[in-house]
Structure formats: C-alpha cells, structure tokens
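> This is the content of final_7.txt (compact mmCIF, C-alpha atoms):
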# COMPACT_ATOMS: atom_id res chain seq x y z
CA MET A 1 88.10 -15.49 169.19
CA SER A 2 87.62 -11.78 169.89
CA PHE A 3 85.83 -10.52 173.03
CA PRO A 4 83.01 -7.91 172.87
CA ILE A 5 84.47 -4.41 173.32
CA ARG A 6 81.63 -3.07 175.45
CA LEU A 7 81.71 -6.10 177.73
CA GLN A 8 85.48 -5.73 178.09
CA GLN A 9 85.01 -2.08 179.09
CA ARG A 10 82.38 -3.01 181.67
CA LEU A 11 84.86 -5.37 183.31
CA LYS A 12 87.54 -2.66 183.30
CA ASP A 13 85.08 -0.24 184.90
CA ARG A 14 84.46 -2.73 187.71
CA ILE A 15 88.19 -2.92 188.41
CA ILE A 16 88.48 0.90 188.47
CA GLN A 17 85.46 1.20 190.78
CA GLY A 18 86.93 -1.36 193.19
CA ASN A 19 84.03 -3.82 192.99
CA TYR A 20 85.43 -6.42 190.60
CA ARG A 21 84.33 -9.90 191.67
CA VAL A 22 86.49 -13.04 191.72
CA LEU A 23 85.87 -16.52 193.05
CA LYS A 24 87.69 -17.50 196.25
CA GLN A 25 87.88 -20.75 198.13
CA TYR A 26 86.68 -20.60 201.72
CA ASP A 27 89.33 -21.54 204.29
CA THR A 28 87.46 -24.08 206.40
CA SER A 29 89.93 -23.65 209.28
CA SER A 30 88.91 -20.01 209.73
CA ILE A 31 86.08 -18.65 211.88
CA ASP A 32 82.80 -18.21 210.04
CA PHE A 33 81.20 -14.77 210.43
CA PHE A 34 80.03 -14.52 206.82
CA SER A 35 77.99 -17.56 205.74
CA ASN A 36 74.22 -17.98 206.00
CA ASP A 37 74.64 -21.26 207.90
CA TYR A 38 73.03 -19.69 210.97
CA LEU A 39 72.38 -22.94 212.85
CA GLY A 40 75.50 -24.74 211.64
CA LEU A 41 73.52 -27.57 210.05
CA SER A 42 75.73 -27.77 206.96
CA GLN A 43 78.67 -28.81 209.17
CA ASN A 44 76.71 -30.77 211.77
CA GLN A 45 78.07 -34.33 211.78
CA VAL A 46 74.98 -35.91 213.32
CA PHE A 47 72.78 -34.31 210.67
CA GLN A 48 75.19 -35.32 207.91
CA GLU A 49 75.11 -38.93 209.09
CA GLN A 50 71.31 -38.93 209.01
CA LEU A 51 71.38 -37.85 205.36
CA LEU A 52 74.11 -40.37 204.57
CA LYS A 53 71.93 -43.23 205.85
CA TRP A 54 69.26 -42.28 203.33
CA ALA A 55 71.80 -42.07 200.52
CA ILE A 56 73.27 -45.50 201.36
CA GLN A 57 69.87 -47.15 201.69
CA TYR A 58 68.41 -45.55 198.54
CA PRO A 59 71.35 -44.58 196.26
CA HIS A 60 69.08 -44.11 193.24
CA LEU A 61 67.61 -41.03 194.94
CA LEU A 62 70.92 -39.23 194.37
CA CYS A 63 70.62 -39.33 190.60
CA SER A 64 68.92 -36.92 188.21
CA SER A 65 65.16 -36.57 188.29
CA THR A 66 65.51 -36.89 184.47
CA GLY A 67 63.24 -34.05 183.42
CA SER A 68 60.86 -31.28 184.42
CA ARG A 69 58.01 -31.96 186.81
CA LEU A 70 55.54 -31.88 183.91
CA ILE A 71 57.38 -34.61 181.97
CA SER A 72 59.41 -37.27 183.82
CA GLY A 73 60.63 -35.38 186.90
CA ASN A 74 57.61 -35.76 189.15
CA ASN A 75 57.54 -38.57 191.72
CA GLU A 76 55.86 -39.62 194.94
CA THR A 77 58.86 -38.60 197.09
CA ILE A 78 58.75 -34.97 195.96
CA GLU A 79 54.97 -34.80 196.29
CA ALA A 80 55.09 -36.34 199.77
CA VAL A 81 57.73 -33.83 200.90
CA GLU A 82 55.67 -30.95 199.49
CA GLN A 83 52.70 -32.15 201.55
CA TYR A 84 54.97 -32.43 204.59
CA ILE A 85 56.20 -28.83 204.10
CA ALA A 86 52.64 -27.55 203.69
CA GLN A 87 51.62 -29.27 206.94
CA LYS A 88 54.60 -27.80 208.80
CA HIS A 89 53.71 -24.28 207.65
CA GLN A 90 49.94 -24.84 207.99
CA VAL A 91 49.18 -23.76 204.42
CA GLU A 92 47.32 -25.51 201.62
CA THR A 93 50.27 -26.28 199.36
CA ALA A 94 54.02 -26.09 198.84
CA LEU A 95 55.79 -26.27 195.49
CA LEU A 96 59.49 -27.16 195.42
CA PHE A 97 62.13 -25.34 193.37
CA ASN A 98 65.86 -25.86 192.94
CA ALA A 99 66.70 -22.47 194.50
CA GLY A 100 65.14 -19.35 195.98
CA TYR A 101 66.26 -17.29 192.99
CA GLN A 102 64.35 -19.61 190.68
CA ALA A 103 61.28 -19.47 192.94
CA ASN A 104 61.24 -15.66 192.89
CA LEU A 105 61.64 -15.59 189.11
CA ALA A 106 58.62 -17.88 188.90
CA LEU A 107 56.48 -15.79 191.24
CA PHE A 108 57.28 -12.33 189.97
CA GLY A 109 58.20 -13.09 186.39
CA ASN A 110 55.18 -15.11 185.34
CA LEU A 111 52.14 -14.36 187.51
CA PRO A 112 51.80 -10.54 187.22
CA THR A 113 51.20 -9.17 183.72
CA SER A 114 51.94 -5.90 181.96
CA LYS A 115 48.58 -4.59 183.22
CA ASP A 116 49.53 -5.10 186.88
CA THR A 117 51.59 -3.20 189.46
CA LEU A 118 54.41 -4.51 191.63
CA LEU A 119 55.31 -2.58 194.79
CA VAL A 120 58.70 -3.70 196.09
CA ASP A 121 60.73 -2.67 199.11
CA GLU A 122 63.81 -0.74 197.98
CA TYR A 123 66.02 -3.26 199.85
CA ILE A 124 64.47 -6.43 198.42
CA HIS A 125 66.65 -9.17 196.95
CA ARG A 126 67.92 -8.94 193.37
CA SER A 127 65.98 -12.07 192.36
CA VAL A 128 62.72 -10.18 192.91
CA HIS A 129 63.86 -7.30 190.70
CA ASP A 130 64.86 -9.74 187.96
CA GLY A 131 61.47 -11.43 188.21
CA CYS A 132 59.70 -8.08 187.93
CA THR A 133 61.62 -7.34 184.73
CA LEU A 134 60.41 -10.59 183.18
CA SER A 135 56.77 -9.84 184.01
CA LYS A 136 56.78 -6.42 182.32
CA ALA A 137 54.45 -5.20 185.07
CA LYS A 138 54.88 -1.67 186.42
CA LYS A 139 57.43 -1.83 189.25
CA TRP A 140 57.49 0.89 191.89
CA LYS A 141 59.93 0.87 194.78
CA PHE A 142 58.79 2.07 198.20
CA LYS A 143 60.96 3.37 201.01
CA HIS A 144 62.30 0.59 203.19
CA ASN A 145 59.69 -0.62 205.71
CA ASP A 146 57.67 2.59 205.19
CA LEU A 147 53.95 1.80 205.44
CA GLY A 148 53.01 5.38 204.59
CA ASP A 149 54.95 5.25 201.34
CA ILE A 150 53.35 1.92 200.45
CA GLU A 151 49.87 3.35 201.00
CA ARG A 152 50.73 6.36 198.84
CA LEU A 153 51.60 3.99 195.98
CA LEU A 154 48.60 1.72 196.61
CA LYS A 155 46.26 4.66 196.04
CA LYS A 156 47.46 5.10 192.46
CA ALA A 157 48.35 1.50 191.51
CA THR A 158 46.36 -0.20 188.74
CA GLY A 159 45.54 -3.77 187.79
CA ASP A 160 46.31 -6.55 190.24
CA VAL A 161 48.67 -5.10 192.82
CA TYR A 162 51.41 -7.17 194.44
CA ILE A 163 53.51 -6.07 197.44
CA ALA A 164 56.92 -7.74 197.83
CA VAL A 165 58.98 -7.77 201.04
CA GLU A 166 61.50 -9.88 202.92
CA SER A 167 60.48 -10.84 206.44
CA LEU A 168 64.14 -10.56 207.50
CA TYR A 169 66.31 -8.42 205.24
CA SER A 170 69.49 -10.18 204.16
CA MET A 171 71.72 -7.09 203.97
CA ASP A 172 70.34 -5.11 206.93
CA GLY A 173 69.16 -7.68 209.46
CA ASP A 174 65.90 -5.90 210.26
CA GLN A 175 62.35 -7.23 210.00
CA ALA A 176 59.45 -6.08 207.86
CA PRO A 177 56.35 -4.66 209.64
CA ILE A 178 54.34 -7.77 208.77
CA GLU A 179 51.12 -6.90 210.62
CA GLY A 180 50.95 -3.45 209.03
CA LEU A 181 51.68 -4.89 205.58
CA ILE A 182 48.87 -7.43 205.94
CA ALA A 183 46.44 -4.71 207.06
CA LEU A 184 47.34 -2.53 204.07
CA SER A 185 47.11 -5.39 201.57
CA MET A 186 43.66 -6.29 202.87
CA ALA A 187 42.44 -2.70 202.89
CA TYR A 188 43.45 -2.14 199.26
CA GLY A 189 42.88 -5.65 197.89
CA ALA A 190 46.58 -6.13 197.17
CA TYR A 191 48.49 -9.42 197.20
CA LEU A 192 51.32 -9.65 199.73
CA ILE A 193 54.35 -11.84 198.92
CA VAL A 194 56.85 -12.48 201.73
CA ASP A 195 60.35 -13.88 201.23
CA GLU A 196 61.35 -15.80 204.39
CA ALA A 197 64.76 -16.93 203.09
CA HIS A 198 66.75 -15.66 206.08
CA ALA A 199 64.06 -16.18 208.71
CA ILE A 200 63.15 -19.85 208.36
CA GLY A 201 64.95 -21.98 210.94
CA VAL A 202 66.10 -18.96 212.92
CA TYR A 203 62.52 -17.95 213.81
CA GLY A 204 60.76 -21.32 213.80
CA TRP A 205 59.36 -21.98 210.33
CA GLY A 206 59.55 -18.27 209.58
CA ILE A 207 58.23 -15.05 211.04
CA LEU A 208 54.81 -15.45 209.41
CA HIS A 209 54.34 -18.90 210.92
CA GLN A 210 55.70 -17.74 214.26
CA LYS A 211 53.06 -14.98 214.34
CA GLY A 212 50.28 -17.23 213.00
CA LEU A 213 49.82 -15.03 209.93
CA GLN A 214 50.88 -17.44 207.17
CA GLN A 215 47.36 -17.79 205.73
CA LEU A 216 46.87 -14.03 205.41
CA VAL A 217 49.42 -13.54 202.61
CA PHE A 218 49.20 -14.42 198.92
CA ALA A 219 52.51 -16.29 198.79
CA THR A 220 55.57 -17.09 200.88
CA THR A 221 59.00 -18.10 199.62
CA VAL A 222 61.16 -20.25 201.90
CA THR A 223 64.69 -21.37 201.05
CA TYR A 224 66.69 -24.23 202.48
CA GLY A 225 70.32 -23.29 201.76
CA LYS A 226 70.70 -21.02 204.79
CA ALA A 227 69.65 -21.95 208.33
CA MET A 228 68.14 -25.23 207.10
CA GLY A 229 71.57 -26.42 205.93
CA VAL A 230 70.50 -28.16 202.71
CA HIS A 231 69.41 -26.93 199.27
CA GLY A 232 66.32 -25.82 197.38
CA ALA A 233 63.28 -23.63 197.98
CA ALA A 234 59.50 -23.75 198.13
CA ILE A 235 56.62 -21.41 197.38
CA LEU A 236 53.84 -21.72 199.93
CA GLY A 237 50.21 -20.71 199.46
CA SER A 238 46.83 -21.80 198.16
CA LYS A 239 46.02 -24.58 195.70
CA ALA A 240 45.04 -21.90 193.20
CA LEU A 241 48.54 -20.39 193.50
CA GLN A 242 50.11 -23.81 192.98
CA PHE A 243 48.04 -24.41 189.85
CA ALA A 244 48.96 -20.95 188.52
CA LEU A 245 52.67 -21.67 188.99
CA ILE A 246 52.41 -25.09 187.35
CA ASN A 247 50.66 -23.55 184.35
CA PHE A 248 52.43 -20.22 183.91
CA ALA A 249 55.79 -20.20 185.72
CA ALA A 250 58.51 -20.79 183.11
CA PRO A 251 61.27 -21.48 185.71
CA PHE A 252 59.12 -24.35 187.02
CA ILE A 253 57.87 -25.64 183.64
CA TYR A 254 61.23 -25.65 181.87
CA SER A 255 63.65 -26.63 184.66
CA THR A 256 64.75 -30.13 185.56
CA ALA A 257 62.98 -31.08 188.78
CA PRO A 258 64.84 -31.30 192.11
CA THR A 259 66.20 -34.77 192.87
CA PRO A 260 64.25 -36.97 195.29
CA MET A 261 67.29 -36.89 197.61
CA SER A 262 67.14 -33.08 197.66
CA ALA A 263 63.52 -33.31 198.81
CA ILE A 264 64.39 -35.86 201.51
CA CYS A 265 67.21 -33.62 202.78
CA ILE A 266 64.68 -30.80 203.17
CA ARG A 267 62.30 -33.01 205.13
CA GLU A 268 65.13 -34.22 207.37
CA ALA A 269 66.23 -30.63 208.04
CA TYR A 270 62.75 -29.76 209.36
CA ALA A 271 62.78 -32.86 211.56
CA TYR A 272 66.28 -32.23 212.88
CA ILE A 273 65.63 -28.59 213.83
CA GLU A 274 62.37 -29.59 215.49
CA GLN A 275 64.13 -32.23 217.59
CA HIS A 276 67.27 -30.20 218.39
CA THR A 277 66.29 -26.78 219.71
CA ALA A 278 69.59 -26.01 221.45
CA ALA A 279 71.16 -24.45 218.34
CA VAL A 280 68.37 -21.86 218.03
CA MET A 281 68.64 -20.98 221.74
CA GLN A 282 72.44 -20.72 221.47
CA LEU A 283 72.14 -18.40 218.48
CA GLN A 284 69.74 -16.09 220.30
CA GLU A 285 72.11 -15.97 223.29
CA LEU A 286 75.01 -14.97 221.03
CA ILE A 287 72.93 -12.25 219.35
CA THR A 288 72.23 -10.77 222.80
CA TYR A 289 75.91 -11.01 223.69
CA TYR A 290 76.93 -9.20 220.48
CA GLN A 291 74.43 -6.42 221.24
CA GLN A 292 75.77 -6.01 224.77
CA GLU A 293 79.43 -5.95 223.74
CA LEU A 294 79.10 -3.66 220.72
CA PRO A 295 80.02 -0.06 221.65
CA GLN A 296 78.84 3.23 220.16
CA PRO A 297 78.71 4.48 217.43
CA PHE A 298 77.86 1.04 216.05
CA ALA A 299 74.28 -0.18 215.89
CA SER A 300 73.06 -3.77 216.19
CA THR A 301 70.00 -5.73 215.13
CA ASN A 302 67.91 -8.41 216.83
CA SER A 303 68.88 -10.97 214.20
CA PRO A 304 71.92 -13.03 213.21
CA ILE A 305 72.67 -10.45 210.49
CA GLN A 306 74.71 -7.52 211.81
CA VAL A 307 75.93 -4.54 209.82
CA VAL A 308 78.92 -2.21 210.28
CA GLU A 309 78.87 0.60 207.75
CA LEU A 310 82.28 1.30 206.22
CA CYS A 311 81.78 5.03 206.77
CA ARG A 312 82.04 4.32 210.53
CA LEU A 313 85.54 2.90 210.10
CA THR A 314 88.85 4.65 209.49
CA THR A 315 91.15 2.36 207.49
CA ILE A 316 89.22 -0.47 205.90
CA GLU A 317 92.26 -2.13 204.31
CA LYS A 318 94.11 -2.46 207.62
CA LEU A 319 91.03 -3.80 209.38
CA LEU A 320 90.47 -6.40 206.70
CA GLN A 321 94.13 -7.39 206.88
CA GLU A 322 93.89 -7.88 210.66
CA LEU A 323 90.66 -9.84 210.32
CA GLN A 324 92.34 -12.10 207.80
CA GLN A 325 95.36 -12.60 210.04
CA ALA A 326 93.02 -13.51 212.91
CA LYS A 327 91.19 -15.91 210.57
CA LEU A 328 87.90 -14.10 211.08
CA ASN A 329 85.83 -14.31 207.91
CA VAL A 330 83.59 -11.26 207.46
CA CYS A 331 81.99 -10.24 204.17
CA VAL A 332 82.50 -6.77 202.67
CA ILE A 333 79.39 -5.74 200.74
CA LYS A 334 79.90 -3.08 198.08
CA ALA A 335 77.82 -1.45 195.36
CA PRO A 336 75.97 -2.54 193.28
CA THR A 337 74.83 -5.20 195.79
CA VAL A 338 73.93 -2.32 198.12
CA ALA A 339 73.44 1.34 197.25
CA LYS A 340 76.55 3.41 196.72
CA GLY A 341 77.48 5.14 199.97
CA THR A 342 76.02 2.35 202.13
CA GLU A 343 78.89 -0.14 201.73
CA ARG A 344 79.31 -2.31 204.81
CA LEU A 345 80.74 -5.24 206.68
CA ARG A 346 78.02 -7.91 206.82
CA ILE A 347 78.53 -10.00 209.94
CA CYS A 348 76.60 -13.25 210.32
CA LEU A 349 76.36 -14.82 213.75
CA HIS A 350 75.96 -18.59 214.10
CA SER A 351 75.09 -21.01 216.84
CA HIS A 352 78.59 -22.50 216.50
CA ASN A 353 80.39 -19.20 217.12
CA THR A 354 81.71 -18.53 220.64
CA LYS A 355 81.60 -15.47 222.84
CA THR A 356 85.41 -15.33 222.72
CA GLN A 357 85.31 -15.18 218.91
CA ILE A 358 82.64 -12.48 218.95
CA LYS A 359 84.61 -10.44 221.50
CA GLN A 360 87.74 -10.67 219.34
CA LEU A 361 85.78 -9.56 216.27
CA ILE A 362 84.27 -6.57 218.09
CA GLN A 363 87.64 -5.52 219.51
CA LEU A 364 89.18 -5.41 216.04
CA ILE A 365 86.27 -3.45 214.58
CA THR A 366 86.28 -1.01 217.50
CA LYS A 367 90.01 -0.44 216.99
CA TYR A 368 89.20 1.18 213.62
CA ALA A 369 86.07 3.10 214.64
CA THR A 370 85.80 6.74 213.56
CA ALA A 371 85.73 9.47 216.18
CA ASN A 372 82.16 10.61 215.38
Written as structure tokens, how would this file's structure read?

Amino acid sequence: MSFPIRLQQRLKDRIIQGNYRVLKQYDTSSIDFFSNDYLGLSQNQVFQEQLLKWAIQYPHLLCSSTGSRLISGNNETIEAVEQYIAQKHQVETALLFNAGYQANLALFGNLPTSKDTLLVDEYIHRSVHDGCTLSKAKKWKFKHNDLGDIERLLKKATGDVYIAVESLYSMDGDQAPIEGLIALSMAYGAYLIVDEAHAIGVYGWGILHQKGLQQLVFATTVTYGKAMGVHGAAILGSKALQFALINFAAPFIYSTAPTPMSAICIREAYAYIEQHTAAVMQLQELITYYQQELPQPFASTNSPIQVVELCRLTTIEKLLQELQQAKLNVCVIKAPTVAKGTERLRICLHSHNTKTQIKQLIQLITKYATAN
C-alpha cells in the first residue's frame, strides 16, 4: 500500500530539522532525572505491595469496566473514590477520567462554545490547545504569567470567558500567580481553570488546596500519573460542572470508563502520601541543594522541574554523550514542544535522587557552560 506523499514529506522535514521522534526503552539501571515520578511512588515497593493486596483480594477489579460511565461502566467503587477525592480537595465533586489529556479535551473542547472566549497562557499544555480547537471558541494567548496582558484581553473578550493556566508549568517549573488570577476572574466575571498536573503530591493536594483557594476557581484538573505514582485524572468543581461534563463532554460520554482498580490505586496513593511525608520533605531538601550548587549563568526554580537552556551550553552533543556514559537520564526538549529558540534540558528532581547524583549532574552541565 502506498503512503501519503505529504505525510511522508512531513516526516522527512522532522528529520532535517533535528526533532524527529522515536520510541526508546528506559534503562531502569540509570539515574532518573527526567521522569515525572517526583515522589518515587511508581517504584516504591511498600506502595506496590499495598496495591497488590487489593488486586489479589479482588482480582475482578483489574478487568475492563465494560463500557462508558453512562452505559455499563459506572459502579459504586468509582463513585466512592470520586467522593473521597472531592473530600480530600474540599470541593463539591470530582469526576474521574482515564488521563489528564482526556480531561482537558472534555473541559475545553465541550463546555465553551463558538460564542465564547478562551484566554490561555502561552506556555499551557498541548492538551488545552487541542481542547480549544474542538470547542471552536475564540482562543487568545496571553504572555506567560502576565496579569496585565490578561486584563487587556479580558476587556475585549465576548461571551463566557474562560482563563486557562497551569499552577506549576511542566516545561518551566514556575508557578502561576494564582491570587492575581482569581482576583481578575472575579472582577471580570471570567471562569478560571487551573491544571494542577505537576503540583499535586509535591505541594500537598495542589497549590490551590495548599492556599485554601480551591473553591474560588471554576474547575481544577488533577492527574495521577506523576507525583501520585498511579494513573488517571479528575476534574474538580461544583455539581453543576459535573452535570455539564456528564451531558456535554464527548471524551467522557464516549470513552470506556476507568477500571475499578484504577480508582482504588488513586485512593491508595492519596492515603500513602498522607501517611508518608518523608518523601515530600526529602524532595524539598534536594531542590534547595540543587539551587545552592548551581552556578551562574544558570537559573533555578523552586520546584522539582529545573531548566537549562541549550543556548547556555557550548557542545550539546558532547554533554549528552557524557550524561549517557554517566547513566544520568535528562530530557532534551526541542521545538515544537517548546518555542523555537527556547530548546532546553528539562531536569526533574525526585525524592529518591541523592545529593551526590545531583552534584555529578551539575558538574557535567557546568563543564559545557558558555562564557557569557
């Protein structure tokens, strides 16, 4: 069978541009500075054994939920876990999804209409952009974390206006100005949506919950495949929001429901983190250590996500080769994932990393620092 010519050319262009993607298998013997497993739960043996006990006792929970939530996929386990999540976050309701990407498609793709306006941070996750495309609403980007630029757009926005941000930005490691965003949304009658994918677990149940502001936003997305160490996502908010999603959100209506075991894993992750606080404290200590050890001209953040721009390095290929030889796994982020000219090393710190490992990583990066 022939292959589409235009699609073939697009793949060739990726190779020429140096951003062609291929699947690789992760060497589990290497040192992890690139996964989102911030608290190490996915490799925590005690946590794994807790989940295994549930699977052995109730093996039927591992199998398919058999259909969408509106047909055969709803059950008391999922509903009980949703109530549990809502209680933990002190909101009215939680609605489970298979993944954060699916949750954002549901929120942005099906609730706003072509008469509405979506204001999105220029650095927001791709899933939000894809959701906006589905909704056909007007989408305007605002400058990253720029409250003045948001207000400029709010003054001319029409219809229902939604503001979309991440509480902790996945590619930059900085936080959104949550208090200012809430004040603006209230002043202009806009609806603030906060994606807490990279904050939950690292900052309690998320930055909104940590600040006691979770009831002042329209919707919150939390995901469980990062610091929580399991899988799935939830949209938090009011009962009215839950009913709107059940009625209008195609990714919810037409997707097979999460398995009961997936819901139980989420509940157990909350319980485990609540009972074992040492990992969070260890992570914060390592973030401080990284900040102290990192020399100029490199900048650091107050989060597990650290960025080293490639323009601050001399020979990227040699650095990557040395990192590989040292078995230090760091992710290189290129366009189109980030804007052209802002390519970077994305370094993720974890509670299971050591100061010796961090020092070795910094020494290698510093070796290839530019003079300016």
> So, counting only C-alpha atoms, which residue among A:Ala187, A:Val194, A:Leu364, A:Ala278 is closest to Tyr169 in chain A?
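The answer is A:Val194, which sits nearest to Tyr169 in chain A.
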> Which residues come within 9 Å of range 321-336 of chain A, counting all atoms listed in the file, excluding same-chain residues fewer than 6 positions away, as a PyMOL selection string?
chain A and resi 18-19+26-27+29-35+171+310+342-348+357+360-361+364-365
> Which of these, A:Leu61, A:Ala197, A:Ile316, A:Ala249, has the shortest distance to Gly225 in chain A once you count only C-alpha atoms?
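Looking only at the distances to Gly225 in chain A, the closest residue turns out to be A:Ala197.
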> Expressed in Å to a single decimal, how great is the separation between CA of Asp149 in chain A and CA of Val338 in chain A?
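Straight-line distance from CA of Asp149 in chain A to CA of Val338 in chain A works out to 20.7 Å.
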> What does the distance between CA of Leu147 in chain A and CA of Thr220 in chain A come to in Å, to one decimal place?
19.5 Å
> List the neighbours of Lys139 in chain A out to 12 Å using only C-alpha atoms; skip same-chain residues closer than 4 positions along the sequence, and give me the result as a list in words.
Phe108, Gly109, Pro112, Thr113, Ser114, Lys115, Asp116, Thr117, Leu118, Leu119, Val120, Asp121, Glu122, Val128, His129, Asp130, Gly131, Cys132, Thr133, Leu134, Ser135, Leu153, Ala157, Thr158, Val161, Tyr162, Ile163 and Ala164 of chain A
> With range 173-181 of chain A as the partner and 12 Å as the cut-off, tabulate the residues of range 193-289 of chain A that qualify, each row holding the nearest pair of atoms and their distance in Å to one decimal, using all atoms listed in the file, sorted by chain and rising number, as CSV.

residue,atom,partner,partner_atom,distance
A:Ile193,CA,A:Leu181,CA,10.0
A:Val194,CA,A:Ile178,CA,8.8
A:Asp195,CA,A:Ala176,CA,10.3
A:Glu196,CA,A:Gln175,CA,10.3
A:His198,CA,A:Gly173,CA,9.0
A:Ala199,CA,A:Gln175,CA,9.2
A:Tyr203,CA,A:Gln175,CA,11.4
A:Gly206,CA,A:Gln175,CA,11.4
A:Ile207,CA,A:Ile178,CA,8.6
A:Leu208,CA,A:Ile178,CA,7.7
A:His209,CA,A:Ile178,CA,11.3
A:Gln210,CA,A:Ile178,CA,11.5
A:Lys211,CA,A:Glu179,CA,9.1
A:Gly212,CA,A:Glu179,CA,10.6
A:Leu213,CA,A:Glu179,CA,8.3
A:Gln214,CA,A:Ile178,CA,10.4
A:Leu216,CA,A:Glu179,CA,9.8
A:Val217,CA,A:Leu181,CA,9.4
A:Phe218,CA,A:Leu181,CA,11.9
A:Ile287,CA,A:Gly173,CA,11.5
> For each of A:Phe243, A:Lys367, A:Gly232, A:His144, take the minimum atom-to-atom distance to Leu320 in chain A, counting all atoms listed in the file, then give the residue where this is smallest.
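Comparing A:Phe243, A:Lys367, A:Gly232, A:His144 against Leu320 in chain A, the winner is A:Lys367.
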